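A.B. asks: Hey, dropping target-v8.cif in here, mmCIF, C-alpha atoms:
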```
data_final
loop_
_atom_site.label_atom_id
_atom_site.label_comp_id
_atom_site.auth_asym_id
_atom_site.auth_seq_id
_atom_site.Cartn_x
_atom_site.Cartn_y
_atom_site.Cartn_z
CA MET Y 1 173.57 108.55 154.96
CA PRO Y 2 172.88 109.63 151.36
CA ASP Y 3 171.14 112.91 150.57
CA PHE Y 4 168.77 111.45 147.98
CA THR Y 5 167.42 108.06 146.90
CA VAL Y 6 166.12 107.18 143.45
CA ALA Y 7 163.71 104.27 143.95
CA ILE Y 8 162.70 102.13 140.97
CA PRO Y 9 159.81 99.71 141.58
CA THR Y 10 159.91 97.10 138.83
CA TYR Y 11 158.15 93.93 137.75
CA ASN Y 12 159.87 91.87 135.04
CA GLY Y 13 161.86 94.94 134.07
CA ALA Y 14 165.08 93.25 132.90
CA GLU Y 15 164.65 94.64 129.37
CA ARG Y 16 163.62 98.15 130.45
CA LEU Y 17 165.98 98.76 133.37
CA PRO Y 18 169.31 99.07 131.50
CA ARG Y 19 168.29 102.25 129.69
CA LEU Y 20 167.05 103.86 132.91
CA LEU Y 21 170.12 102.81 134.91
CA GLU Y 22 172.51 104.14 132.28
CA GLN Y 23 170.58 107.41 132.14
CA LEU Y 24 170.85 107.71 135.91
CA ARG Y 25 174.54 106.96 135.90
CA SER Y 26 175.13 109.76 133.39
CA GLN Y 27 173.32 112.34 135.52
CA THR Y 28 174.95 115.72 136.12
CA TYR Y 29 174.91 116.75 139.78
CA PRO Y 30 176.99 118.70 142.33
CA ALA Y 31 180.13 116.91 143.49
CA ASP Y 32 178.97 117.05 147.11
CA LEU Y 33 175.61 115.38 146.43
CA ASP Y 34 175.62 111.84 147.81
CA TRP Y 35 172.82 109.71 146.37
CA GLU Y 36 171.81 106.11 145.81
CA ILE Y 37 169.69 104.03 143.45
CA LEU Y 38 167.35 101.47 145.00
CA VAL Y 39 165.75 98.90 142.69
CA VAL Y 40 162.72 97.22 144.29
CA ASP Y 41 162.02 93.91 142.56
CA ASN Y 42 158.27 93.31 142.86
CA ASN Y 43 158.40 89.51 142.63
CA SER Y 44 159.74 89.39 139.07
CA SER Y 45 159.98 86.10 137.19
CA ASP Y 46 162.57 87.28 134.65
CA GLN Y 47 166.27 88.06 135.06
CA THR Y 48 165.82 91.30 137.00
CA ALA Y 49 167.75 90.10 140.07
CA ALA Y 50 170.67 88.79 137.99
CA LEU Y 51 170.76 92.02 135.99
CA ILE Y 52 171.04 94.16 139.12
CA GLN Y 53 173.74 91.90 140.55
CA GLN Y 54 175.77 92.41 137.37
CA TYR Y 55 175.32 96.18 137.54
CA GLN Y 56 176.35 96.15 141.20
CA ARG Y 57 179.59 94.42 140.27
CA ASP Y 58 180.22 96.86 137.44
CA TRP Y 59 179.40 99.90 139.60
CA ALA Y 60 181.32 98.84 142.72
CA ASP Y 61 182.86 101.72 144.70
CA THR Y 62 181.21 104.40 142.55
CA THR Y 63 178.52 107.01 143.03
CA PRO Y 64 175.65 106.43 142.91
CA THR Y 65 175.49 103.33 145.05
CA LEU Y 66 173.19 100.70 143.53
CA ARG Y 67 171.07 98.70 145.98
CA TYR Y 68 168.51 95.93 145.52
CA ALA Y 69 165.43 95.02 147.55
CA PHE Y 70 162.85 92.29 146.98
CA GLU Y 71 159.13 92.75 147.63
CA PRO Y 72 157.22 89.45 147.28
CA GLN Y 73 153.72 90.94 147.57
CA GLN Y 74 152.51 91.85 144.10
CA GLY Y 75 151.51 95.44 143.43
CA ALA Y 76 153.27 98.75 142.87
CA GLY Y 77 151.89 100.07 146.16
CA PHE Y 78 153.71 97.36 148.09
CA ALA Y 79 156.91 98.00 146.16
CA ARG Y 80 156.80 101.71 146.99
CA GLN Y 81 156.20 100.95 150.65
CA LYS Y 82 159.25 98.66 150.57
CA ALA Y 83 161.28 101.47 149.01
CA ILE Y 84 160.29 103.90 151.75
CA GLN Y 85 161.23 101.38 154.43
CA THR Y 86 164.55 100.53 152.79
CA ALA Y 87 165.76 103.94 151.58
CA GLN Y 88 168.39 105.72 153.65
CA SER Y 89 167.73 109.36 152.69
CA GLU Y 90 165.19 112.00 153.60
CA TRP Y 91 164.01 112.41 150.00
CA VAL Y 92 162.97 109.48 147.81
CA GLY Y 93 162.46 110.08 144.11
CA PHE Y 94 160.37 107.37 142.47
CA LEU Y 95 160.85 106.49 138.81
CA ASP Y 96 158.95 103.81 136.91
CA ASP Y 97 161.16 101.54 134.84
CA ASP Y 98 159.76 102.96 131.59
CA ILE Y 99 160.68 106.54 132.52
CA ILE Y 100 163.72 108.33 131.09
CA PRO Y 101 164.68 111.26 133.36
CA ALA Y 102 166.41 114.38 132.09
CA ALA Y 103 170.16 114.57 132.70
CA ASP Y 104 169.64 116.94 135.64
CA TRP Y 105 166.65 115.13 137.16
CA VAL Y 106 168.42 114.02 140.35
CA ALA Y 107 170.03 117.41 141.01
CA THR Y 108 166.79 119.29 140.30
CA ALA Y 109 164.72 116.90 142.40
CA TYR Y 110 167.03 117.23 145.39
CA ALA Y 111 167.20 121.02 145.14
CA ALA Y 112 163.41 121.29 144.89
CA GLY Y 113 162.94 119.42 148.15
CA ALA Y 114 165.53 121.48 149.97
CA SER Y 115 163.74 124.70 149.00
CA ARG Y 116 160.27 123.94 150.43
CA ASP Y 117 159.91 123.20 154.13
CA ARG Y 118 156.26 122.09 153.92
CA ALA Y 119 156.53 120.01 150.75
CA GLY Y 120 155.53 116.43 151.42
CA ALA Y 121 155.81 115.45 147.77
CA TYR Y 122 156.27 116.99 144.36
CA GLY Y 123 156.34 116.05 140.71
CA GLY Y 124 157.44 117.68 137.50
CA GLN Y 125 156.75 117.49 133.82
CA ILE Y 126 156.35 114.06 132.23
CA HIS Y 127 156.32 114.06 128.45
CA GLY Y 128 155.04 111.24 126.30
CA LYS Y 129 157.55 109.40 124.12
CA PHE Y 130 155.49 107.40 121.64
CA GLU Y 131 156.48 104.66 119.21
CA THR Y 132 153.73 105.90 116.89
CA PRO Y 133 151.61 109.07 117.00
CA PRO Y 134 148.75 108.85 119.53
CA PRO Y 135 145.09 109.14 118.47
CA GLU Y 136 143.58 112.51 117.63
CA ASN Y 137 142.61 114.51 120.74
CA PHE Y 138 144.77 112.25 122.89
CA LYS Y 139 145.60 115.14 125.23
CA ARG Y 140 142.10 114.85 126.70
CA ILE Y 141 143.06 111.53 128.32
CA GLN Y 142 146.86 111.72 128.43
CA SER Y 143 146.90 112.02 132.24
CA PHE Y 144 145.72 108.39 132.41
CA LEU Y 145 149.14 107.47 131.00
CA ALA Y 146 151.01 109.59 133.56
CA ILE Y 147 151.71 112.49 131.20
CA ARG Y 148 151.88 115.87 132.95
CA GLU Y 149 152.62 119.17 131.22
CA ARG Y 150 151.20 121.86 133.47
CA GLY Y 151 153.08 124.90 132.21
CA PRO Y 152 156.16 126.90 133.21
CA GLU Y 153 155.06 128.11 136.66
CA ALA Y 154 155.51 126.22 139.93
CA HIS Y 155 152.29 125.75 141.90
CA GLN Y 156 150.63 123.53 144.46
CA TYR Y 157 148.51 120.64 143.28
CA ASP Y 158 144.84 120.39 144.26
CA PRO Y 159 144.45 117.16 146.25
CA GLU Y 160 140.83 117.91 147.21
CA ASN Y 161 139.92 117.54 143.54
CA LEU Y 162 142.31 114.62 142.93
CA VAL Y 163 144.67 116.77 140.88
CA LEU Y 164 148.00 115.20 141.84
CA PRO Y 165 151.32 114.10 140.32
CA PRO Y 166 151.65 110.48 139.17
CA SER Y 167 154.16 108.19 140.83
CA ALA Y 168 155.84 107.51 137.49
CA ALA Y 169 158.22 110.33 138.43
CA TRP Y 170 157.63 111.98 141.78
CA VAL Y 171 159.53 112.72 144.98
CA VAL Y 172 158.34 112.24 148.56
CA ARG Y 173 159.61 113.24 151.97
CA ARG Y 174 160.42 109.90 153.57
CA GLN Y 175 159.83 110.84 157.21
CA ALA Y 176 156.47 112.39 156.34
CA TRP Y 177 155.41 109.15 154.63
CA LEU Y 178 156.60 107.02 157.56
CA ARG Y 179 154.73 109.19 160.04
CA ASP Y 180 151.52 110.08 158.21
CA VAL Y 181 150.85 107.36 155.63
CA PRO Y 182 149.38 104.06 156.88
CA THR Y 183 151.65 101.05 156.54
CA HIS Y 184 148.86 99.01 154.97
CA LEU Y 185 147.09 100.93 152.22
CA ALA Y 186 143.90 99.78 150.50
CA LEU Y 187 145.13 100.31 146.95
CA SER Y 188 147.93 98.09 145.72
CA GLY Y 189 148.11 98.84 142.00
CA PRO Y 190 147.41 96.79 138.87
CA VAL Y 191 147.91 93.07 139.49
CA SER Y 192 146.73 89.77 138.05
CA GLY Y 193 145.23 91.35 134.97
CA SER Y 194 143.40 94.09 136.92
CA MET Y 195 144.23 97.63 135.82
CA VAL Y 196 142.38 99.36 138.66
CA GLY Y 197 144.78 101.78 140.33
CA GLY Y 198 144.96 104.87 142.54
CA GLU Y 199 147.78 103.41 144.60
CA ASP Y 200 149.99 106.38 143.77
CA PHE Y 201 147.39 108.98 144.80
CA GLU Y 202 146.49 107.29 148.08
CA PRO Y 203 149.71 108.13 149.99
CA LEU Y 204 149.67 111.69 148.64
CA LEU Y 205 146.16 112.19 149.97
CA TYR Y 206 147.26 111.03 153.42
CA LEU Y 207 150.17 113.47 153.25
CA HIS Y 208 147.75 116.25 152.29
CA ARG Y 209 145.42 115.31 155.13
CA ALA Y 210 148.35 115.64 157.54
CA GLY Y 211 149.05 119.17 156.32
CA TRP Y 212 151.84 118.59 153.82
CA GLU Y 213 151.93 120.47 150.52
CA ILE Y 214 152.06 118.72 147.12
CA TRP Y 215 153.94 120.75 144.51
CA TYR Y 216 154.44 120.91 140.76
CA ASN Y 217 158.00 121.78 139.68
CA PRO Y 218 158.21 122.72 135.97
CA ASP Y 219 162.01 122.32 135.91
CA LEU Y 220 161.81 118.59 136.66
CA HIS Y 221 161.58 116.81 133.30
CA ALA Y 222 161.19 113.15 132.36
CA ALA Y 223 159.91 111.18 129.36
CA HIS Y 224 157.45 108.30 129.57
CA GLU Y 225 158.05 105.60 126.97
CA ILE Y 226 154.68 104.44 125.65
CA PRO Y 227 154.68 101.42 123.32
CA ASP Y 228 152.09 100.89 120.60
CA ARG Y 229 150.13 98.34 122.62
CA ARG Y 230 149.27 101.01 125.19
CA LEU Y 231 147.64 103.11 122.49
CA GLU Y 232 145.33 100.34 121.30
CA ARG Y 233 141.65 101.18 121.63
CA ALA Y 234 140.79 98.28 123.95
CA TYR Y 235 143.69 99.04 126.28
CA LEU Y 236 142.85 102.74 126.53
CA ILE Y 237 139.16 102.09 127.22
CA ASN Y 238 139.98 99.52 129.90
CA LEU Y 239 142.49 101.91 131.46
CA SER Y 240 139.95 104.74 131.49
CA TRP Y 241 137.35 102.48 133.09
CA ALA Y 242 139.86 101.41 135.75
CA CYS Y 243 140.74 105.03 136.49
CA GLY Y 244 137.14 105.78 137.43
CA LEU Y 245 136.58 102.85 139.77
CA CYS Y 246 138.87 104.15 142.52
CA ILE Y 247 137.38 107.67 142.64
CA CYS Y 248 135.14 106.97 145.62
CA HIS Y 249 137.87 105.38 147.71
CA LEU Y 250 140.21 108.32 147.10
CA ARG Y 251 137.49 110.85 147.95
CA MET Y 252 136.82 109.08 151.23
CA ILE Y 253 140.39 109.73 152.41
CA THR Y 254 139.85 113.49 152.55
CA ALA Y 255 136.33 113.36 154.03
CA LYS Y 256 136.21 115.66 157.05
CA SER Y 257 133.84 113.42 159.02
CA TYR Y 258 132.09 110.06 158.81
CA TRP Y 259 128.78 111.78 158.07
CA GLN Y 260 130.23 113.47 155.01
CA LYS Y 261 130.87 110.14 153.33
CA PRO Y 262 127.30 109.34 152.20
CA LEU Y 263 127.02 112.84 150.73
CA ILE Y 264 130.33 112.43 148.91
CA MET Y 265 129.23 109.07 147.49
CA ALA Y 266 125.94 110.55 146.29
CA LYS Y 267 127.75 113.49 144.69
CA ILE Y 268 130.19 111.16 142.90
CA ALA Y 269 127.41 108.93 141.56
CA LEU Y 270 125.15 111.77 140.42
CA GLY Y 271 128.05 113.73 138.96
CA GLY Y 272 129.26 110.72 137.02
CA TRP Y 273 125.85 109.99 135.53
CA ARG Y 274 125.35 113.67 134.68
CA ARG Y 275 128.68 113.84 132.85
CA ALA Y 276 127.97 110.56 131.06
CA LEU Y 277 124.59 111.79 129.80
CA LYS Y 278 126.04 115.13 128.72
CA HIS Y 279 128.85 113.31 126.92
CA TYR Y 280 126.32 111.05 125.18
CA TRP Y 281 124.34 113.98 123.79
CA THR Y 282 127.47 115.97 122.91
CA HIS Y 283 128.54 113.12 120.65
CA ALA Y 284 125.13 112.80 118.98
CA GLY Y 285 124.21 109.63 120.81
CA ASN Y 286 127.28 107.77 119.62
CA PRO Y 287 130.22 108.37 122.00
CA GLN Y 288 131.87 105.18 120.75
CA LYS Y 289 132.58 106.66 117.33
CA ASP Y 290 136.12 107.67 118.24
CA THR Y 291 138.59 106.22 120.73
CA ILE Y 292 139.02 109.28 122.93
CA ALA Y 293 135.28 109.87 123.31
CA ALA Y 294 134.83 106.19 124.19
CA CYS Y 295 137.54 106.47 126.84
CA GLU Y 296 135.87 109.52 128.36
CA MET Y 297 132.53 107.73 128.49
CA ALA Y 298 134.15 104.73 130.18
CA PHE Y 299 135.68 107.02 132.80
CA PHE Y 300 132.41 108.86 133.49
CA LEU Y 301 130.45 105.61 133.85
CA SER Y 302 132.98 103.90 136.11
CA SER Y 303 133.20 107.06 138.24
CA ALA Y 304 129.43 106.93 138.68
CA LEU Y 305 129.69 103.28 139.71
CA SER Y 306 132.68 103.78 142.01
CA PRO Y 307 130.56 104.26 145.18
CA ALA Y 308 128.92 100.88 144.59
CA TYR Y 309 132.35 99.38 143.92
CA PHE Y 310 133.69 100.95 147.12
CA ILE Y 311 130.78 99.64 149.21
CA GLY Y 312 131.08 96.17 147.70
CA ARG Y 313 134.78 95.92 148.44
CA SER Y 314 134.25 97.27 151.95
CA LEU Y 315 131.69 94.55 152.64
CA VAL Y 316 133.95 91.85 151.22
CA SER Y 317 136.85 93.05 153.38
CA HIS Y 318 134.76 92.41 156.51
CA LEU Y 319 133.84 88.83 155.60
CA PRO Y 320 135.45 86.08 157.72
CA ARG Y 321 138.81 84.93 156.39
CA ARG Y 322 139.39 81.35 155.33
CA ALA Y 323 141.54 79.29 157.64
CA THR Y 324 143.82 78.30 154.76
CA GLY Y 325 145.61 81.63 154.76
CA PRO Y 326 145.22 85.38 154.60
CA ALA Y 327 143.16 86.92 151.85
CA GLN Y 328 144.95 88.96 149.25
CA PRO Y 329 144.75 92.75 149.73
CA GLY Y 330 142.42 94.80 147.54
CA GLN Y 331 143.65 95.23 144.00
CA LEU Y 332 142.35 98.71 143.32
CA SER Y 333 144.42 100.97 141.03
CA CYS Y 334 143.29 104.38 139.50
CA LYS Y 335 146.42 104.83 137.49
CA HIS Y 336 147.61 108.44 137.31
CA LEU Y 337 144.18 110.06 137.40
CA GLU Y 338 143.89 113.79 136.97
CA THR Y 339 140.42 115.29 136.65
#
```
Before anything else, please render the file you have as structure tokens.
C.D. replies:
Amino acid sequence: MPDFTVAIPTYNGAERLPRLLEQLRSQTYPADLDWEILVVDNNSSDQTAALIQQYQRDWADTTPTLRYAFEPQQGAGFARQKAIQTAQSEWVGFLDDDIIPAADWVATAYAAGASRDRAGAYGGQIHGKFETPPPENFKRIQSFLAIRERGPEAHQYDPENLVLPPSAAWVVRRQAWLRDVPTHLALSGPVSGSMVGGEDFEPLLYLHRAGWEIWYNPDLHAAHEIPDRRLERAYLINLSWACGLCICHLRMITAKSYWQKPLIMAKIALGGWRRALKHYWTHAGNPQKDTIAACEMAFFLSSALSPAYFIGRSLVSHLPRRATGPAQPGQLSCKHLET
């Protein structure tokens, strides 16, 4: 059984995967570290499967072992669940297919897990690698694009306030996930044109609820490749809006009792409207004048509306199913939120 698994959920990643796979193959690690790479094809329509088959032939009888799994249900959340079920090691390090890990990422990730008995998951630093410079004041919303630069000191994250590492490059304890994270989660990730997320925070909140610690490791470095299209104003505003819509669902996971939930929903709604109004006046009644301010306003407004969104989806989920087949799971997705 390998010591460590690098899991790569991918959808139509045939063009992006080669760079990541070559970077992984050139990793520096102790000679006695046995590890594997698991590519989870999330129902791709490109040449992803053929690409992995070619790499498997080229990498035969070498370390790391390259494995392939297919997940037909669309959504990054389903692909990660497939990875957990398929992996053969205690620690599973997830990398998105647009992430470039540092040369020592695997060795550092494995060592970090071995050093903390109560760690259920941990992430490191993720630096933005941009095709063109981002907008002015971009750091105020960079967490929406899975960028994390939290300084040189290791510390625990703050799950109660939704301060958590993004799944673009984090590591989880497989047995903890299998035991404490529900098999069927509510949040599946962006699909069918919907950017709503939170599917990466949901399992971490269940781990936290079960008593596991979530850590930040400053020695774990990776770069996130961000193309120009992801810096366009419309994309960033839509992403920010999507990041707010899942707030209520995520807050419900850590509610201590059923009776706390109405209070939490009221607090989220009132807090969102308060921040939106303050933001409006701070920007002289015109928060749309620059891209970053517009993104922040979109996030505050969608956060305020997230309780209504949560209630609406909860009601829909209890409607009778059609006889023609099962309904598709919820397509929530609060991508890489950090507030």
A.B. asks: Run the PyMOL selection byres ((chain Y and resi 72) around 7) mentally over the shown coordinates, then write out the matched residues as an MDAnalysis selection string, using the chain letters and numbers from the document.
C.D. replies: chainID Y and resid 42:43 70:71 73:74
A.B. asks: Given the file shown, determine the residues that the PyMOL selection byres ((chain Y and resi 4) around 7) selects; report them as a tab-separated table (two decimals) with C-alpha atoms, keeping the file's coordinate frame.
C.D. replies:
```
chain	number	residue	atom	x	y	z
Y	2	PRO	CA	172.88	109.63	151.36
Y	3	ASP	CA	171.14	112.91	150.57
Y	5	THR	CA	167.42	108.06	146.90
Y	6	VAL	CA	166.12	107.18	143.45
Y	34	ASP	CA	175.62	111.84	147.81
Y	35	TRP	CA	172.82	109.71	146.37
Y	36	GLU	CA	171.81	106.11	145.81
Y	89	SER	CA	167.73	109.36	152.69
Y	90	GLU	CA	165.19	112.00	153.60
Y	91	TRP	CA	164.01	112.41	150.00
Y	92	VAL	CA	162.97	109.48	147.81
Y	110	TYR	CA	167.03	117.23	145.39
```
A.B. asks: Could you give me, as a PyMOL selection string, the residues that sit within 12 Å of (132.6, 112.5, 119.9) in the file's coordinates, counting all atoms listed in the file?
C.D. replies: chain Y and resi 136-137+140+278-297
A.B. asks: If I take CA of Ile268 (chain Y) and CA of Gly75 (chain Y), how far is one from the other in Å, to one decimal?
C.D. replies: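 Going from CA of Ile268 (chain Y) over to CA of Gly75 (chain Y), I get 26.5 Å.
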A.B. asks: Which is closest to Leu164 (chain Y) among Y:Ala87, Y:Leu207, Y:Cys248, Y:Ala31, if we use all atoms listed in the file?
C.D. replies: Y:Leu207
